[in-house]
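Here's input.tsv, which has TSV, C-alpha atoms:
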```tsv
chain	number	residue	atom	x	y	z
A	53	MET	CA	43.43	0.60	-15.61
A	54	GLY	CA	41.53	2.91	-17.89
A	55	SER	CA	38.25	2.35	-19.59
A	56	PRO	CA	38.43	0.18	-22.72
A	57	PHE	CA	36.25	2.72	-24.51
A	58	VAL	CA	38.06	5.89	-25.48
A	59	THR	CA	35.62	8.75	-25.47
A	60	ARG	CA	37.99	11.64	-24.89
A	61	LEU	CA	41.69	12.43	-25.10
A	62	ASP	CA	43.51	13.91	-22.17
A	63	GLY	CA	47.09	15.03	-22.09
A	64	PRO	CA	49.08	17.32	-24.35
A	65	ALA	CA	47.50	18.38	-27.63
A	66	PRO	CA	49.78	17.75	-30.61
A	67	GLU	CA	47.71	20.09	-32.81
A	68	VAL	CA	48.64	23.02	-30.63
A	69	GLU	CA	52.32	22.11	-30.83
A	70	VAL	CA	52.17	21.80	-34.61
A	71	ALA	CA	50.32	25.10	-34.96
A	72	ARG	CA	52.79	26.78	-32.60
A	73	ASP	CA	55.70	25.43	-34.64
A	74	MET	CA	54.14	26.74	-37.85
A	75	ILE	CA	53.54	30.18	-36.37
A	76	ARG	CA	57.09	30.27	-34.99
A	77	ARG	CA	58.48	29.43	-38.43
A	78	ALA	CA	56.16	31.87	-40.19
A	79	LEU	CA	57.24	34.92	-38.23
A	80	PRO	CA	60.79	35.12	-39.63
A	81	ALA	CA	59.66	34.05	-43.13
A	82	ALA	CA	56.76	36.48	-43.37
A	83	PRO	CA	58.85	39.57	-44.24
A	84	VAL	CA	60.17	37.77	-47.32
A	85	LEU	CA	56.66	37.24	-48.65
A	86	VAL	CA	55.68	40.79	-47.73
A	87	LEU	CA	58.72	42.17	-49.58
A	88	LEU	CA	57.94	40.05	-52.65
A	89	CYS	CA	54.38	41.38	-52.69
A	90	ALA	CA	55.69	44.90	-52.16
A	91	ALA	CA	57.93	44.48	-55.21
A	92	MET	CA	54.98	43.35	-57.32
A	93	TRP	CA	52.07	45.43	-55.97
A	94	SER	CA	53.85	48.28	-54.12
A	95	VAL	CA	52.88	49.33	-50.58
A	96	ASP	CA	49.28	48.20	-50.95
A	97	GLY	CA	50.52	44.73	-51.83
A	98	ALA	CA	52.78	44.65	-48.79
A	99	ILE	CA	49.99	45.61	-46.40
A	100	SER	CA	47.57	43.17	-48.03
A	101	SER	CA	50.19	40.44	-47.82
A	102	ALA	CA	50.72	41.07	-44.11
A	103	TYR	CA	46.96	40.93	-43.63
A	104	GLY	CA	46.83	37.63	-45.53
A	105	ILE	CA	49.59	36.15	-43.39
A	106	ALA	CA	47.70	37.19	-40.26
A	107	ILE	CA	44.57	35.49	-41.63
A	108	VAL	CA	46.46	32.25	-42.35
A	109	LEU	CA	48.11	32.13	-38.92
A	110	GLY	CA	44.85	32.98	-37.18
A	111	ASN	CA	43.10	30.25	-39.15
A	112	LEU	CA	45.69	27.65	-38.11
A	113	ALA	CA	45.64	28.74	-34.48
A	114	LEU	CA	41.84	28.69	-34.35
A	115	SER	CA	41.73	25.24	-35.95
A	116	ALA	CA	44.24	23.83	-33.46
A	117	ALA	CA	42.51	25.43	-30.49
A	118	LEU	CA	39.11	24.10	-31.53
A	119	LEU	CA	40.42	20.54	-31.96
A	120	ALA	CA	42.46	20.61	-28.73
A	121	VAL	CA	39.65	21.95	-26.56
A	122	THR	CA	36.99	19.64	-27.95
A	123	ALA	CA	39.22	16.52	-27.84
A	124	ARG	CA	39.45	16.94	-24.06
A	125	ILE	CA	35.66	16.89	-23.85
A	126	SER	CA	34.64	14.18	-26.31
A	127	LEU	CA	35.81	12.57	-29.52
A	128	ALA	CA	32.39	13.04	-31.07
A	129	LEU	CA	32.55	16.72	-30.24
A	130	MET	CA	36.00	16.88	-31.80
A	131	MET	CA	34.56	15.46	-35.01
A	132	GLY	CA	31.78	18.01	-34.96
A	133	ALA	CA	34.27	20.77	-34.23
A	134	ALA	CA	36.43	19.70	-37.18
A	135	LEU	CA	33.49	19.83	-39.58
A	136	PHE	CA	31.67	22.88	-38.28
A	137	GLY	CA	35.01	24.51	-37.51
A	138	PHE	CA	35.75	24.27	-41.23
A	139	LEU	CA	32.55	26.16	-41.98
A	140	LEU	CA	33.19	28.63	-39.20
A	141	ARG	CA	36.74	29.37	-40.31
A	142	MET	CA	35.74	29.76	-43.94
A	143	GLY	CA	33.05	32.19	-42.79
A	144	VAL	CA	35.54	34.10	-40.65
A	145	ILE	CA	38.01	34.35	-43.56
A	146	PHE	CA	35.21	35.47	-45.87
A	147	ALA	CA	34.11	38.13	-43.37
A	148	ALA	CA	37.70	39.27	-42.83
A	149	VAL	CA	38.17	39.78	-46.57
A	150	LEU	CA	34.71	41.28	-47.11
A	151	LEU	CA	35.31	43.88	-44.41
A	152	VAL	CA	38.42	45.31	-46.03
A	153	LYS	CA	37.86	44.62	-49.73
A	154	ASP	CA	37.01	48.27	-50.43
A	155	ALA	CA	39.77	49.72	-48.28
A	156	GLY	CA	42.25	51.94	-50.04
A	157	TRP	CA	45.23	49.81	-49.06
A	158	MET	CA	43.73	46.50	-50.18
A	159	SER	CA	45.22	44.68	-53.16
A	160	LEU	CA	43.10	41.59	-53.69
A	161	PRO	CA	45.56	39.74	-56.00
A	162	ALA	CA	48.31	40.17	-53.40
A	163	LEU	CA	45.98	38.94	-50.67
A	164	GLY	CA	44.91	35.92	-52.72
A	165	VAL	CA	48.44	34.91	-53.62
A	166	THR	CA	49.55	35.32	-50.00
A	167	LEU	CA	46.67	33.23	-48.67
A	168	VAL	CA	47.50	30.27	-50.90
A	169	VAL	CA	51.30	30.51	-50.79
A	170	ALA	CA	51.53	31.07	-47.03
A	171	HIS	CA	49.07	28.29	-46.18
A	172	LEU	CA	50.64	25.69	-48.47
A	173	GLY	CA	54.20	26.80	-47.79
A	174	LEU	CA	53.83	26.55	-44.04
A	175	LEU	CA	52.17	23.16	-44.34
A	176	PHE	CA	54.89	21.70	-46.55
A	177	TRP	CA	57.57	23.19	-44.30
A	178	GLU	CA	56.00	21.64	-41.22
A	179	MET	CA	55.39	18.38	-43.04
A	180	ARG	CA	59.14	17.89	-43.46
A	181	TYR	CA	59.66	17.88	-39.70
A	182	VAL	CA	56.55	15.94	-38.83
A	183	SER	CA	57.19	13.19	-41.36
A	184	LEU	CA	60.74	12.86	-40.08
A	185	SER	CA	59.61	12.57	-36.48
A	186	LEU	CA	56.91	10.05	-37.46
A	187	ALA	CA	59.37	7.95	-39.43
A	188	HIS	CA	62.09	8.17	-36.77
A	189	PRO	CA	60.41	8.84	-33.41
A	190	GLY	CA	63.74	8.48	-31.65
A	191	LEU	CA	65.01	11.63	-33.33
A	192	LYS	CA	62.14	13.75	-32.08
A	193	PRO	CA	63.51	16.30	-29.62
A	194	ARG	CA	61.94	16.03	-26.20
A	195	ARG	CA	61.50	18.78	-23.67
A	196	SER	CA	63.80	18.09	-20.75
A	197	THR	CA	62.08	18.04	-17.39
A	198	PRO	CA	63.66	17.56	-13.98
A	199	HIS	CA	62.11	14.07	-13.71
A	200	SER	CA	63.26	12.92	-17.12
A	201	ARG	CA	66.85	13.99	-16.69
A	202	GLN	CA	69.23	11.13	-16.55
A	203	PRO	CA	72.26	11.31	-14.30
A	204	ALA	CA	75.23	12.39	-16.31
A	205	ALA	CA	77.75	9.68	-17.02
A	206	LYS	CA	81.02	10.15	-15.27
A	207	GLU	CA	83.79	11.17	-17.54
A	208	SER	CA	86.64	8.78	-17.67
A	209	VAL	CA	89.76	10.33	-16.34
A	210	ALA	CA	92.86	9.57	-18.27
A	211	PRO	CA	95.67	8.32	-16.11
B	90	MET	CA	13.89	70.78	-94.99
B	91	SER	CA	14.08	71.68	-91.35
B	92	LEU	CA	11.50	69.07	-90.53
B	93	LEU	CA	13.48	66.40	-92.38
B	94	HIS	CA	16.65	67.40	-90.54
B	95	HIS	CA	14.83	67.18	-87.21
B	96	ALA	CA	13.52	63.72	-88.10
B	97	ILE	CA	17.01	62.53	-88.97
B	98	GLU	CA	18.34	63.84	-85.66
B	99	LEU	CA	15.59	62.07	-83.76
B	100	ALA	CA	16.31	58.81	-85.58
B	101	SER	CA	20.01	59.16	-84.84
B	102	GLU	CA	19.35	59.77	-81.14
B	103	ALA	CA	17.06	56.76	-80.99
B	104	THR	CA	19.72	54.57	-82.61
B	105	THR	CA	22.38	55.79	-80.12
B	106	THR	CA	20.09	55.19	-77.13
B	107	ALA	CA	19.30	51.69	-78.36
B	108	ALA	CA	23.00	50.93	-78.81
B	109	ASP	CA	23.79	52.26	-75.32
B	110	SER	CA	20.97	50.22	-73.86
B	111	ALA	CA	22.22	47.08	-75.61
B	112	ALA	CA	25.75	47.69	-74.36
B	113	THR	CA	24.49	48.22	-70.81
B	114	THR	CA	22.45	45.05	-71.00
B	115	ALA	CA	25.46	43.07	-72.24
B	116	ALA	CA	27.66	44.48	-69.46
B	117	ASP	CA	25.00	43.67	-66.88
B	118	ALA	CA	24.65	40.16	-68.24
B	119	LYS	CA	28.41	39.69	-68.13
B	120	ALA	CA	28.58	40.96	-64.54
B	121	ALA	CA	25.72	38.70	-63.52
B	122	ALA	CA	27.36	35.69	-65.19
B	123	GLY	CA	30.66	36.52	-63.45
B	124	ALA	CA	28.97	36.82	-60.07
B	125	SER	CA	27.10	33.55	-60.41
B	126	SER	CA	30.22	31.79	-61.70
B	127	ALA	CA	32.17	33.08	-58.69
B	128	GLY	CA	29.46	31.78	-56.38
B	129	TYR	CA	29.48	28.39	-58.07
B	130	ALA	CA	33.30	28.27	-57.94
B	131	TYR	CA	33.37	28.92	-54.19
B	132	GLY	CA	30.47	26.60	-53.43
B	133	LEU	CA	31.80	23.72	-55.51
B	134	ALA	CA	35.31	24.24	-54.15
B	135	ALA	CA	34.00	23.93	-50.59
B	136	ILE	CA	32.16	20.63	-51.19
B	137	GLY	CA	35.27	18.52	-51.79
B	138	PRO	CA	37.17	19.69	-48.71
B	139	GLY	CA	34.04	19.19	-46.61
B	140	ILE	CA	33.84	15.56	-47.69
B	141	GLY	CA	37.60	15.14	-47.28
B	142	ILE	CA	37.69	16.57	-43.77
B	143	GLY	CA	34.78	14.41	-42.73
B	144	TYR	CA	36.53	11.33	-44.04
B	145	ILE	CA	39.87	12.23	-42.41
B	146	VAL	CA	38.37	12.93	-39.01
B	147	GLY	CA	36.13	9.87	-39.14
B	148	GLN	CA	39.06	7.58	-39.89
B	149	ALA	CA	41.20	9.30	-37.26
B	150	VAL	CA	38.54	8.86	-34.57
B	151	SER	CA	38.23	5.21	-35.56
B	152	ALA	CA	42.02	4.77	-35.33
B	153	MET	CA	42.18	6.49	-31.95
B	154	ALA	CA	39.37	4.32	-30.62
B	155	ARG	CA	41.21	1.17	-31.75
B	156	GLN	CA	44.66	2.24	-30.61
B	157	PRO	CA	44.51	4.95	-27.97
B	158	GLU	CA	48.28	4.72	-27.43
B	159	SER	CA	48.89	6.10	-30.93
B	160	ALA	CA	46.46	8.98	-30.51
B	161	GLY	CA	49.20	11.61	-30.55
B	162	MET	CA	50.56	10.49	-33.89
B	163	VAL	CA	47.07	10.14	-35.34
B	164	ARG	CA	46.05	13.59	-34.17
B	165	THR	CA	49.18	15.18	-35.64
B	166	THR	CA	48.56	13.53	-39.00
B	167	MET	CA	44.87	14.37	-38.81
B	168	PHE	CA	45.58	18.04	-38.16
B	169	LEU	CA	47.96	18.28	-41.09
B	170	GLY	CA	45.52	16.39	-43.30
B	171	ILE	CA	42.73	18.79	-42.39
B	172	ALA	CA	44.96	21.77	-43.13
B	173	PHE	CA	46.04	20.34	-46.50
B	174	THR	CA	42.44	19.60	-47.43
B	175	GLU	CA	41.43	23.08	-46.40
B	176	ALA	CA	43.95	24.51	-48.83
B	177	LEU	CA	41.60	23.42	-51.63
B	178	ALA	CA	38.81	25.50	-50.14
B	179	LEU	CA	41.19	28.43	-49.75
B	180	ILE	CA	42.16	28.19	-53.41
B	181	GLY	CA	38.46	28.20	-54.31
B	182	PHE	CA	37.97	31.22	-52.09
B	183	VAL	CA	40.83	33.07	-53.75
B	184	VAL	CA	39.37	32.31	-57.18
B	185	PHE	CA	36.04	33.60	-55.89
B	186	ILE	CA	37.41	36.93	-54.66
B	187	LEU	CA	39.44	37.41	-57.83
B	188	LEU	CA	36.42	36.70	-60.06
B	189	LYS	CA	33.97	38.70	-57.99
B	190	PHE	CA	35.84	41.75	-56.83
B	191	VAL	CA	38.72	42.31	-59.26
```

Rewritten as structure tokens:
Amino acid sequence: MGSPFVTRLDGPAPEVEVARDMIRRALPAAPVLVLLCAAMWSVDGAISSAYGIAIVLGNLALSAALLAVTARISLALMMGAALFGFLLRMGVIFAAVLLVKDAGWMSLPALGVTLVVAHLGLLFWEMRYVSLSLAHPGLKPRRSTPHSRQPAAKESVAP
Amino acid sequence: MSLLHHAIELASEATTTAADSAATTAADAKAAAGASSAGYAYGLAAIGPGIGIGYIVGQAVSAMARQPESAGMVRTTMFLGIAFTEALALIGFVVFILLKFV
């Protein structure tokens, strides 16, 4: 029997799964956004849009990794990581934009639009699946492992 | 006559310089106001998400401490809540870069 006081969370990290899902969905959808920005801001817009998508995906991955790693150590540390991770990630995004703002290929409007649209779009897209699996946990697909496999039912043979 | 003409030229140059100086001062003042507004926009936009993330994580930790068996669901919701709240800060950041650098 475990301790009645939960101070850390072992086991699989759902944040990492959610972030991985979002990145997996973003990869095929990213060219659409890049093409839209290319149509509006030419080649500079396309490159800036790709850079913005990379920033958004990196931000999500870093957030999930910070929460997952710290939750295995301590819940209090996870709380600290969520708050200071917010500051850290905002600083990283700021530095990433500041480094390239004067580059010849940078189109700041395209980057700004991509940052907001990609972040919110991916979140709403993921929210559809997560809310469905929370509302109907039985529908959530599970990874089949050798231990969880059930013996296949015998097919009835027609006489 | 020549002296009068020279005086008029000098007066004209002085007027032009004063006008240029006033225009430069107005442009500088506008740039300074834009820069400080951008800073305020980013700073104020980061306050709300900071409070929101703190509240979300605090409530999530409380829920996980009360019901450890539902930790997975709580963590999933918490992560999405954090990301949604962070979108506000990102919008503030985008406004900042558009005001400051464009």

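Minimum distance to Ala116 of chain A across A:Pro83, A:Gly63, A:Gly137, A:Gly156 (counting all atoms listed in the file) occurs at A:Gly137.
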
Could you list, as a list of chain:residue names, every residue within 10 Å of Val70 of chain A, counting all atoms listed in the file and ignoring same-chain residues fewer than 2 positions away?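 Here the answer would be A:Ala65, A:Pro66, A:Glu67, A:Val68, A:Arg72, A:Asp73, A:Met74, A:Ile75, A:Arg76, A:Leu112, A:Ala113, A:Ala116, A:Leu175, A:Glu178, A:Met179, A:Tyr181, A:Val182, B:Thr165, B:Phe168, B:Leu169.
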
Report as a PyMOL selection string the set of chain A residues whose atoms approach chain B to within 7 Å, with distances computed over only C-alpha atoms. chain A and resi 58+66-67+127+131+135+160-161+164+168+171-172

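Summary of the local environment: counting all atoms listed in the file, residues at most 9 Å from Asn111 of chain A, other than itself and those fewer than 5 positions away along its chain, are A:Ala106, A:Ala116, A:Arg141, A:Met142, A:Val144, A:Ile145.
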
Might you pull out every residue within 9 Å of Ala124 of chain B, with only C-alpha atoms counted and same-chain residues fewer than 4 positions away left off, and present them as an NGL selection string? :B and (119-120 or 128-129 or 185 or 188-189)

Residues of the last selection are to be written out with C-alpha atoms, as an mmCIF file, in the frame of the given file.
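File written: result-v9.cif
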```
data_model
loop_
_atom_site.group_PDB
_atom_site.id
_atom_site.type_symbol
_atom_site.label_atom_id
_atom_site.label_comp_id
_atom_site.auth_asym_id
_atom_site.auth_seq_id
_atom_site.Cartn_x
_atom_site.Cartn_y
_atom_site.Cartn_z
ATOM 1 C CA LYS B 119 28.410 39.690 -68.130
ATOM 2 C CA ALA B 120 28.580 40.960 -64.540
ATOM 3 C CA GLY B 128 29.460 31.780 -56.380
ATOM 4 C CA TYR B 129 29.480 28.390 -58.070
ATOM 5 C CA PHE B 185 36.040 33.600 -55.890
ATOM 6 C CA LEU B 188 36.420 36.700 -60.060
ATOM 7 C CA LYS B 189 33.970 38.700 -57.990
#
```

Rounded to one decimal place, report the atom CA of Leu87 of chain A-atom CA of Ile99 of chain A distance in Å.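 Answer for the atom CA of Leu87 of chain A to atom CA of Ile99 of chain A separation: 9.9 Å.
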
Can you work out the spacing between atom CA of Ala71 of chain A and atom CA of Gly104 of chain A in Å, to one decimal? 16.8 Å

Can you tell me how far atom CA of Leu61 of chain A sits from atom CA of Arg124 of chain A, in Å to one decimal? 5.1 Å
